[in-house]
Structures are given as C-alpha cells and as structure tokens.
$ cat my_file-v5.txt   # compact mmCIF, C-alpha atoms
# COMPACT_ATOMS: atom_id res chain seq x y z
CA MET C 1198 -3.03 -23.91 -54.81
CA SER C 1199 -3.33 -23.40 -58.53
CA GLU C 1200 -3.85 -19.94 -59.95
CA LEU C 1201 -5.36 -21.34 -63.16
CA SER C 1202 -8.85 -22.78 -63.10
CA GLU C 1203 -9.46 -26.29 -64.37
CA ASN C 1204 -11.34 -24.72 -67.29
CA ALA C 1205 -8.32 -22.56 -68.21
CA LYS C 1206 -5.98 -25.56 -68.04
CA LYS C 1207 -8.37 -27.60 -70.19
CA THR C 1208 -8.70 -24.80 -72.76
CA ILE C 1209 -4.91 -24.41 -72.98
CA ALA C 1210 -4.52 -28.18 -73.38
CA GLU C 1211 -7.10 -28.14 -76.18
CA HIS C 1212 -4.88 -25.71 -78.10
CA LEU C 1213 -1.87 -28.05 -78.08
CA PRO C 1214 -2.86 -30.27 -81.05
CA ARG C 1215 -3.66 -27.20 -83.17
CA TYR C 1216 -0.10 -25.85 -83.15
CA PRO C 1217 3.22 -27.21 -84.41
CA SER C 1218 4.95 -26.83 -81.03
CA LYS C 1219 4.09 -26.19 -77.40
CA GLN C 1220 5.87 -22.84 -77.60
CA ALA C 1221 3.40 -21.75 -80.29
CA VAL C 1222 0.60 -22.10 -77.71
CA THR C 1223 2.10 -19.34 -75.54
CA LEU C 1224 0.00 -16.56 -77.04
CA PRO C 1225 -3.33 -18.43 -76.89
CA ALA C 1226 -2.55 -19.51 -73.32
CA LEU C 1227 -1.94 -15.91 -72.26
CA HIS C 1228 -5.25 -14.89 -73.86
CA VAL C 1229 -7.08 -17.66 -71.98
CA VAL C 1230 -5.67 -16.51 -68.64
CA GLN C 1231 -6.24 -12.81 -69.25
CA GLN C 1232 -9.80 -13.45 -70.43
CA GLU C 1233 -10.55 -15.35 -67.26
CA LYS C 1234 -8.62 -13.25 -64.71
CA GLY C 1235 -8.30 -9.79 -66.28
CA CYS C 1236 -4.53 -10.02 -65.94
CA VAL C 1237 -1.67 -12.52 -66.00
CA SER C 1238 -0.09 -13.02 -62.60
CA ARG C 1239 3.45 -14.25 -61.89
CA LYS C 1240 2.01 -17.51 -60.62
CA SER C 1241 -0.02 -17.91 -63.85
CA ILE C 1242 3.17 -17.40 -65.87
CA HIS C 1243 4.80 -20.29 -63.99
CA GLU C 1244 1.78 -22.53 -64.46
CA ILE C 1245 1.60 -21.79 -68.19
CA ALA C 1246 5.32 -22.53 -68.42
CA ASP C 1247 4.78 -25.89 -66.70
CA ILE C 1248 1.92 -26.83 -69.03
CA LEU C 1249 3.91 -25.84 -72.14
CA GLU C 1250 7.21 -27.22 -70.83
CA LEU C 1251 8.90 -23.84 -71.27
CA SER C 1252 10.71 -21.53 -68.91
CA PRO C 1253 8.76 -18.76 -67.16
CA ALA C 1254 11.13 -16.31 -68.88
CA GLN C 1255 9.88 -17.47 -72.29
CA ILE C 1256 6.27 -16.89 -71.24
CA ASN C 1257 7.16 -13.50 -69.76
CA ASP C 1258 8.95 -12.48 -72.98
CA THR C 1259 5.74 -12.98 -74.94
CA LEU C 1260 3.64 -11.33 -72.23
CA SER C 1261 5.82 -8.23 -72.11
CA PHE C 1262 6.12 -7.91 -75.91
CA TYR C 1263 2.40 -7.38 -76.47
CA GLY C 1264 0.74 -4.31 -74.99
CA PHE C 1265 -2.55 -6.17 -74.94
CA PHE C 1266 -1.71 -8.21 -71.86
CA ARG C 1267 -1.88 -6.89 -68.32
CA SER C 1268 0.17 -7.93 -65.30
CA GLU C 1269 -1.28 -8.29 -61.83
CA GLU C 1270 0.27 -4.91 -60.96
CA ASN C 1271 -1.84 -3.27 -63.68
CA PRO C 1272 -5.04 -5.31 -64.11
CA LEU C 1273 -7.85 -4.52 -66.50
CA GLY C 1274 -11.06 -2.82 -65.52
CA GLN C 1275 -14.42 -4.48 -66.02
CA LYS C 1276 -14.60 -2.86 -69.46
CA ARG C 1277 -11.66 -2.22 -71.77
CA ILE C 1278 -12.24 0.73 -74.08
CA TRP C 1279 -9.89 1.34 -77.00
CA VAL C 1280 -10.06 4.80 -78.62
CA CYS C 1281 -8.93 4.87 -82.24
CA ARG C 1282 -6.10 7.29 -83.03
CA SER C 1283 -6.05 6.93 -86.81
CA LEU C 1284 -5.99 10.07 -88.95
CA PRO C 1285 -9.69 9.84 -89.93
CA CYS C 1286 -10.71 9.45 -86.28
CA MET C 1287 -8.41 12.29 -85.28
CA LEU C 1288 -9.91 14.56 -87.95
CA ARG C 1289 -13.44 13.70 -86.82
CA GLY C 1290 -12.89 14.37 -83.11
CA GLY C 1291 -11.04 11.32 -81.81
CA GLU C 1292 -8.37 13.32 -79.98
CA GLU C 1293 -11.02 15.48 -78.34
CA LEU C 1294 -12.96 12.36 -77.40
CA LEU C 1295 -9.88 10.86 -75.78
CA ALA C 1296 -9.09 14.09 -73.91
CA GLU C 1297 -12.66 14.37 -72.63
CA LEU C 1298 -12.72 10.77 -71.40
CA CYS C 1299 -9.39 11.24 -69.64
CA LYS C 1300 -10.74 14.38 -67.99
CA ARG C 1301 -14.07 12.83 -66.94
CA TRP C 1302 -12.51 9.67 -65.57
CA GLY C 1303 -9.34 11.24 -64.14
CA ILE C 1304 -7.05 8.77 -65.90
CA SER C 1305 -4.58 8.67 -68.78
CA PRO C 1306 -4.51 6.15 -71.62
CA GLY C 1307 -3.35 2.77 -70.33
CA GLU C 1308 -4.85 3.36 -66.88
CA THR C 1309 -7.90 2.02 -65.09
CA THR C 1310 -10.43 4.12 -63.21
CA PRO C 1311 -10.02 3.98 -59.42
CA ASP C 1312 -13.28 2.00 -59.10
CA GLY C 1313 -11.92 -0.65 -61.48
CA LYS C 1314 -14.77 -0.13 -63.91
CA VAL C 1315 -12.95 1.02 -67.07
CA THR C 1316 -9.50 0.68 -68.61
CA LEU C 1317 -8.85 3.28 -71.31
CA GLU C 1318 -6.51 2.26 -74.15
CA LEU C 1319 -5.20 3.71 -77.40
CA ALA C 1320 -5.62 1.90 -80.70
CA GLU C 1321 -3.62 2.96 -83.74
CA CYS C 1322 -6.42 1.95 -86.10
CA LEU C 1323 -9.62 0.01 -85.63
CA GLY C 1324 -10.29 -0.24 -89.36
CA ALA C 1325 -13.61 1.60 -89.30
CA CYS C 1326 -12.60 4.93 -90.79
CA ASP C 1327 -16.04 5.58 -92.25
CA GLY C 1328 -17.44 5.48 -88.69
CA ALA C 1329 -14.92 7.85 -87.13
CA PRO C 1330 -14.46 8.53 -84.33
CA CYS C 1331 -14.77 4.95 -83.18
CA ILE C 1332 -13.96 2.83 -80.16
CA LEU C 1333 -13.65 -0.83 -79.38
CA VAL C 1334 -15.31 -1.96 -76.15
CA ASP C 1335 -14.05 -5.39 -75.28
CA ASP C 1336 -14.84 -7.04 -78.66
CA GLU C 1337 -17.58 -4.71 -79.87
CA LEU C 1338 -16.92 -1.86 -82.30
CA GLN C 1339 -18.86 1.37 -81.76
CA LEU C 1340 -19.01 4.01 -84.51
CA ARG C 1341 -19.39 7.81 -84.49
CA VAL C 1342 -19.29 8.04 -80.71
CA THR C 1343 -19.26 11.01 -78.37
CA ALA C 1344 -17.93 11.09 -74.81
CA ASP C 1345 -21.52 10.80 -73.55
CA ASP C 1346 -22.02 7.68 -75.71
CA VAL C 1347 -18.87 6.12 -74.29
CA GLU C 1348 -19.97 6.80 -70.72
CA LYS C 1349 -23.31 5.09 -71.40
CA ILE C 1350 -21.52 2.10 -72.90
CA ALA C 1351 -19.18 1.93 -69.91
CA ASP C 1352 -22.11 2.04 -67.47
CA HIS C 1353 -24.38 -0.35 -69.37
CA PRO C 1354 -22.57 -3.32 -70.97
CA LYS C 1355 -25.04 -4.03 -73.78
CA SER C 1356 -26.02 -0.44 -74.55
CA SER C 1357 -25.97 0.72 -78.15
CA GLY C 1358 -23.98 3.86 -77.45
CA GLY C 1359 -22.82 4.51 -81.04
CA LYS C 1360 -25.11 6.19 -83.51
$ encode --input "my_file-v5.txt" --output "structure tokens"
Amino acid sequence: MSELSENAKKTIAEHLPRYPSKQAVTLPALHVVQQEKGCVSRKSIHEIADILELSPAQINDTLSFYGFFRSEENPLGQKRIWVCRSLPCMLRGGEELLAELCKRWGISPGETTPDGKVTLELAECLGACDGAPCILVDDELQLRVTADDVEKIADHPKSSGGK
C-alpha cells in the first residue's frame, strides 16, 4: 500500500516540468509530503525516490539537511509555532516568552506537546523586528505577542492573538 496519497503524487508530478532536473524536485516533494502528513516517513522517502528516479539516500540527505522537515519518529503537532530569537525580539522579551511557553507546555524547543497539539520551534529571524517579540504560527506571522496570546493562538487556529 502506498504511503503517498494520489493527490501528493499528482502534486509532485506537477512540479517536474518546472525544474531543470528531477533531483531539483526533491525539496518541493518533501514539502508536499510533510504538509499532508505532518512528517516524512521512511516509506515516503522511498516513494519520492521512485517518482524522482533517485536513491532513497539522496532524498534522505535533503530531508536531514533542513531542520524544517520532521521524520516519523518526531512528527509535528497540529500547530507549529516558531519563536523568533533575533536580537530585537530578545531585547523585547522573546527569550522570556520562549521560557514561559516551555514551562507552560512542559517541552523544549524542537519538541511537541504530549497531546500532539503544538510543536515549538526556534527561528533565528522572522524579519518583523518592529513587531518584536514575534512568532510564526504555521504560515501566519503574529506580532508583539505574550505567552497568553500564544496559548490562545494555539487553542484557536484563526484567533488574532497578536496585538
């Protein structure tokens, strides 16, 4: 049985004409799988390799190089929250925000809460220094947040937690 859905296979195939080689589609293919599954399993690596006519080792090299991707041993939570660690965010309470979230959720950066709800990540810079401290929740930037704001965002997907 295939690990990849027909939609994932179709989306990966649609990337092929956009790139100069099949190997160049490795990164988009990994994004497709992670977006759909929350992680990239060993079986998915083999299926991507088959589609792109590459070795599983080549796919795994790309997967392991980028900290963005998650393996099946360390899947993502329902929400992925990146806390900015840039100097402006640090000076405006980013480190305290991170420490408070770790304390409240009982996890360290890079870990997922036991209920699978939230994965907490570190970002070196989110490019929103004027809104420090800031976070990125999935693909949505939130500015001038507190730990209470982040908890509301984590509990309610479309909440407007930032001020």
$ closest_residue --input "my_file-v5.txt" --among "C:Ile1242, C:Leu1298, C:Ala1320, C:Val1334" --to "Ile1350 of chain C" --atoms "only C-alpha atoms"
C:Val1334
$ residues_around --input "my_file-v5.txt" --residues "Ile1332 of chain C" --least-positions-apart "6" --cutoff "9 Å" --atoms "only C-alpha atoms" --output "VMD selection string"
chain C and resid 1278 to 1281 1320 1323 1338 to 1342 1347
$ atom_distance --input "my_file-v5.txt" --atom1 "atom CA of Ala1296 of chain C" --atom2 "atom CA of Ala1325 of chain C"
20.3 Å
$ atom_distance --input "my_file-v5.txt" --atom1 "atom CA of Leu1273 of chain C" --atom2 "atom CA of Leu1251 of chain C"
26.0 Å
$ closest_residue --input "my_file-v5.txt" --among "C:Lys1314, C:Leu1319, C:Leu1227, C:Leu1288" --to "Phe1262 of chain C" --atoms "all atoms listed in the file"
C:Leu1227
$ closest_residue --input "my_file-v5.txt" --among "C:Glu1250, C:Glu1200, C:Glu1321, C:Glu1292" --to "Ala1221 of chain C" --atoms "only C-alpha atoms"
C:Glu1250
$ residues_around --input "my_file-v5.txt" --residues "Gln1232 of chain C" --least-positions-apart "3" --cutoff "12 Å" --atoms "only C-alpha atoms" --output "JSON, numbers by chain"
{"C": [1201, 1202, 1204, 1205, 1208, 1225, 1226, 1227, 1228, 1229, 1235, 1236, 1237, 1265, 1266, 1267, 1272, 1273, 1274, 1275, 1276, 1277, 1335, 1336]}
$ atom_distance --input "my_file-v5.txt" --atom1 "atom CA of Gly1290 of chain C" --atom2 "atom CA of Pro1330 of chain C"
6.2 Å
$ closest_residue --input "my_file-v5.txt" --among "C:Arg1239, C:Ala1344, C:Glu1318, C:Cys1326" --to "Arg1301 of chain C" --atoms "all atoms listed in the file"
C:Ala1344
$ axis_aligned_box --input "my_file-v5.txt" --around "segment 1268-1278 of chain C" --padding-each-side "4 Å" --output "JSON"
{"center_x": -7.2, "center_y": -3.8, "center_z": -67.5, "size_x": 22.9, "size_y": 17.0, "size_z": 21.1}
$ residues_around --input "my_file-v5.txt" --residues "Cys1286 of chain C" --least-positions-apart "3" --cutoff "6 Å" --atoms "all atoms listed in the file" --output "list in words"
Ser1283, Arg1289, Gly1291, Ala1329 and Pro1330 of chain C
$ closest_residue --input "my_file-v5.txt" --among "C:Glu1308, C:Asp1247, C:Cys1331, C:Met1287" --to "Thr1343 of chain C" --atoms "only C-alpha atoms"
C:Cys1331
$ decode --input "my_file-v5.txt" --residues "segment 1202-1353 of chain C" --atoms "C-alpha atoms" --output "CSV table (one decimal), in the first residue's frame"
chain,number,residue,atom,x,y,z
C,1202,SER,CA,-1.9,9.9,-1.5
C,1203,GLU,CA,-2.9,10.2,-5.1
C,1204,ASN,CA,-3.1,14.0,-4.6
C,1205,ALA,CA,0.5,14.1,-3.2
C,1206,LYS,CA,1.8,12.0,-6.2
C,1207,LYS,CA,-0.1,14.3,-8.6
C,1208,THR,CA,1.3,17.5,-6.9
C,1209,ILE,CA,4.8,16.1,-7.1
C,1210,ALA,CA,4.4,15.2,-10.7
C,1211,GLU,CA,3.1,18.7,-11.5
C,1212,HIS,CA,6.4,20.1,-10.2
C,1213,LEU,CA,8.5,18.1,-12.6
C,1214,PRO,CA,8.2,20.4,-15.7
C,1215,ARG,CA,9.0,23.5,-13.6
C,1216,TYR,CA,12.5,22.3,-12.7
C,1217,PRO,CA,15.6,21.6,-14.7
C,1218,SER,CA,16.0,18.0,-13.3
C,1219,LYS,CA,14.1,15.5,-11.3
C,1220,GLN,CA,16.6,15.9,-8.4
C,1221,ALA,CA,15.6,19.6,-8.2
C,1222,VAL,CA,12.1,18.5,-7.3
C,1223,THR,CA,13.3,16.8,-4.1
C,1224,LEU,CA,12.7,19.8,-1.8
C,1225,PRO,CA,9.2,20.6,-3.2
C,1226,ALA,CA,8.3,16.9,-2.9
C,1227,LEU,CA,9.4,16.8,0.7
C,1228,HIS,CA,7.2,19.9,1.4
C,1229,VAL,CA,4.2,18.2,-0.2
C,1230,VAL,CA,4.5,15.1,1.9
C,1231,GLN,CA,5.2,17.0,5.2
C,1232,GLN,CA,2.2,19.3,4.5
C,1233,GLU,CA,-0.1,16.4,4.0
C,1234,LYS,CA,1.3,14.0,6.7
C,1235,GLY,CA,3.0,16.2,9.3
C,1236,CYS,CA,6.2,14.3,8.8
C,1237,VAL,CA,8.1,12.3,6.2
C,1238,SER,CA,8.2,8.6,6.8
C,1239,ARG,CA,10.8,6.1,5.6
C,1240,LYS,CA,8.2,4.7,3.2
C,1241,SER,CA,7.5,8.2,1.8
C,1242,ILE,CA,11.2,8.7,1.2
C,1243,HIS,CA,11.3,5.5,-0.9
C,1244,GLU,CA,8.2,6.6,-2.8
C,1245,ILE,CA,9.6,10.0,-3.5
C,1246,ALA,CA,12.8,8.4,-4.7
C,1247,ASP,CA,10.9,6.2,-7.1
C,1248,ILE,CA,8.9,9.1,-8.5
C,1249,LEU,CA,12.1,11.2,-9.0
C,1250,GLU,CA,14.2,8.3,-10.1
C,1251,LEU,CA,16.7,8.9,-7.3
C,1252,SER,CA,18.1,6.8,-4.5
C,1253,PRO,CA,16.4,7.0,-1.1
C,1254,ALA,CA,19.7,8.2,0.3
C,1255,GLN,CA,19.6,11.3,-1.9
C,1256,ILE,CA,16.1,12.1,-0.6
C,1257,ASN,CA,17.2,11.4,3.0
C,1258,ASP,CA,20.2,13.7,2.5
C,1259,THR,CA,17.9,16.6,1.7
C,1260,LEU,CA,15.5,15.7,4.4
C,1261,SER,CA,18.2,15.6,7.1
C,1262,PHE,CA,19.9,18.8,5.9
C,1263,TYR,CA,16.9,21.0,6.6
C,1264,GLY,CA,15.6,21.4,10.1
C,1265,PHE,CA,12.2,22.2,8.8
C,1266,PHE,CA,11.3,18.6,8.0
C,1267,ARG,CA,10.2,16.1,10.5
C,1268,SER,CA,10.7,12.3,10.5
C,1269,GLU,CA,8.0,9.9,11.6
C,1270,GLU,CA,9.9,9.5,14.9
C,1271,ASN,CA,9.4,13.2,15.6
C,1272,PRO,CA,6.2,14.3,13.9
C,1273,LEU,CA,4.8,17.8,14.0
C,1274,GLY,CA,2.0,18.9,16.3
C,1275,GLN,CA,-1.3,20.2,14.9
C,1276,LYS,CA,0.2,23.7,15.1
C,1277,ARG,CA,3.9,24.6,14.6
C,1278,ILE,CA,4.9,27.7,16.5
C,1279,TRP,CA,8.2,29.4,15.7
C,1280,VAL,CA,9.5,31.9,18.3
C,1281,CYS,CA,11.9,34.5,16.9
C,1282,ARG,CA,15.3,34.6,18.5
C,1283,SER,CA,16.7,37.7,16.8
C,1284,LEU,CA,18.3,40.5,18.9
C,1285,PRO,CA,15.3,42.8,18.7
C,1286,CYS,CA,12.9,40.0,19.8
C,1287,MET,CA,15.3,39.0,22.5
C,1288,LEU,CA,15.5,42.6,23.8
C,1289,ARG,CA,11.7,42.9,23.8
C,1290,GLY,CA,11.0,39.7,25.7
C,1291,GLY,CA,11.4,36.9,23.2
C,1292,GLU,CA,13.7,34.8,25.5
C,1293,GLU,CA,11.2,35.2,28.3
C,1294,LEU,CA,8.4,34.3,26.0
C,1295,LEU,CA,10.2,31.2,24.9
C,1296,ALA,CA,11.0,30.2,28.5
C,1297,GLU,CA,7.4,30.7,29.6
C,1298,LEU,CA,6.0,28.6,26.8
C,1299,CYS,CA,8.4,25.8,27.5
C,1300,LYS,CA,7.4,25.9,31.2
C,1301,ARG,CA,3.7,26.0,30.5
C,1302,TRP,CA,3.8,23.2,27.9
C,1303,GLY,CA,6.5,21.1,29.6
C,1304,ILE,CA,8.6,20.9,26.4
C,1305,SER,CA,11.8,22.3,25.0
C,1306,PRO,CA,12.3,23.9,21.6
C,1307,GLY,CA,12.0,21.3,18.8
C,1308,GLU,CA,9.6,19.2,20.8
C,1309,THR,CA,5.8,18.6,20.6
C,1310,THR,CA,3.4,18.7,23.5
C,1311,PRO,CA,2.3,15.2,24.7
C,1312,ASP,CA,-1.2,15.8,23.3
C,1313,GLY,CA,0.2,16.4,19.9
C,1314,LYS,CA,-1.3,19.9,19.7
C,1315,VAL,CA,1.8,22.1,19.4
C,1316,THR,CA,5.3,21.9,18.2
C,1317,LEU,CA,7.6,24.7,19.5
C,1318,GLU,CA,10.5,25.8,17.3
C,1319,LEU,CA,13.2,28.4,17.2
C,1320,ALA,CA,13.6,30.9,14.4
C,1321,GLU,CA,16.7,32.9,14.0
C,1322,CYS,CA,14.8,35.8,12.5
C,1323,LEU,CA,11.3,36.2,11.2
C,1324,GLY,CA,12.0,39.6,9.7
C,1325,ALA,CA,9.5,41.5,11.7
C,1326,CYS,CA,11.8,43.4,14.1
C,1327,ASP,CA,9.4,46.3,14.5
C,1328,GLY,CA,6.8,43.8,15.9
C,1329,ALA,CA,9.1,42.1,18.4
C,1330,PRO,CA,8.6,39.7,20.1
C,1331,CYS,CA,7.0,37.8,17.2
C,1332,ILE,CA,6.1,34.3,16.3
C,1333,LEU,CA,5.2,32.4,13.2
C,1334,VAL,CA,2.2,30.0,13.5
C,1335,ASP,CA,2.2,27.7,10.6
C,1336,ASP,CA,2.3,30.4,7.9
C,1337,GLU,CA,0.9,33.3,9.8
C,1338,LEU,CA,3.1,36.0,11.5
C,1339,GLN,CA,1.9,37.3,14.9
C,1340,LEU,CA,3.5,40.5,16.3
C,1341,ARG,CA,4.1,41.8,19.8
C,1342,VAL,CA,2.8,38.6,21.4
C,1343,THR,CA,2.7,37.4,25.1
C,1344,ALA,CA,2.6,33.9,26.3
C,1345,ASP,CA,-1.1,34.2,26.9
C,1346,ASP,CA,-1.5,35.4,23.3
C,1347,VAL,CA,0.4,32.3,22.0
C,1348,GLU,CA,-1.7,30.0,24.1
C,1349,LYS,CA,-4.9,31.5,22.6
C,1350,ILE,CA,-3.5,31.1,19.1
C,1351,ALA,CA,-2.5,27.5,19.8
C,1352,ASP,CA,-6.0,26.7,21.1
C,1353,HIS,CA,-8.0,28.6,18.5
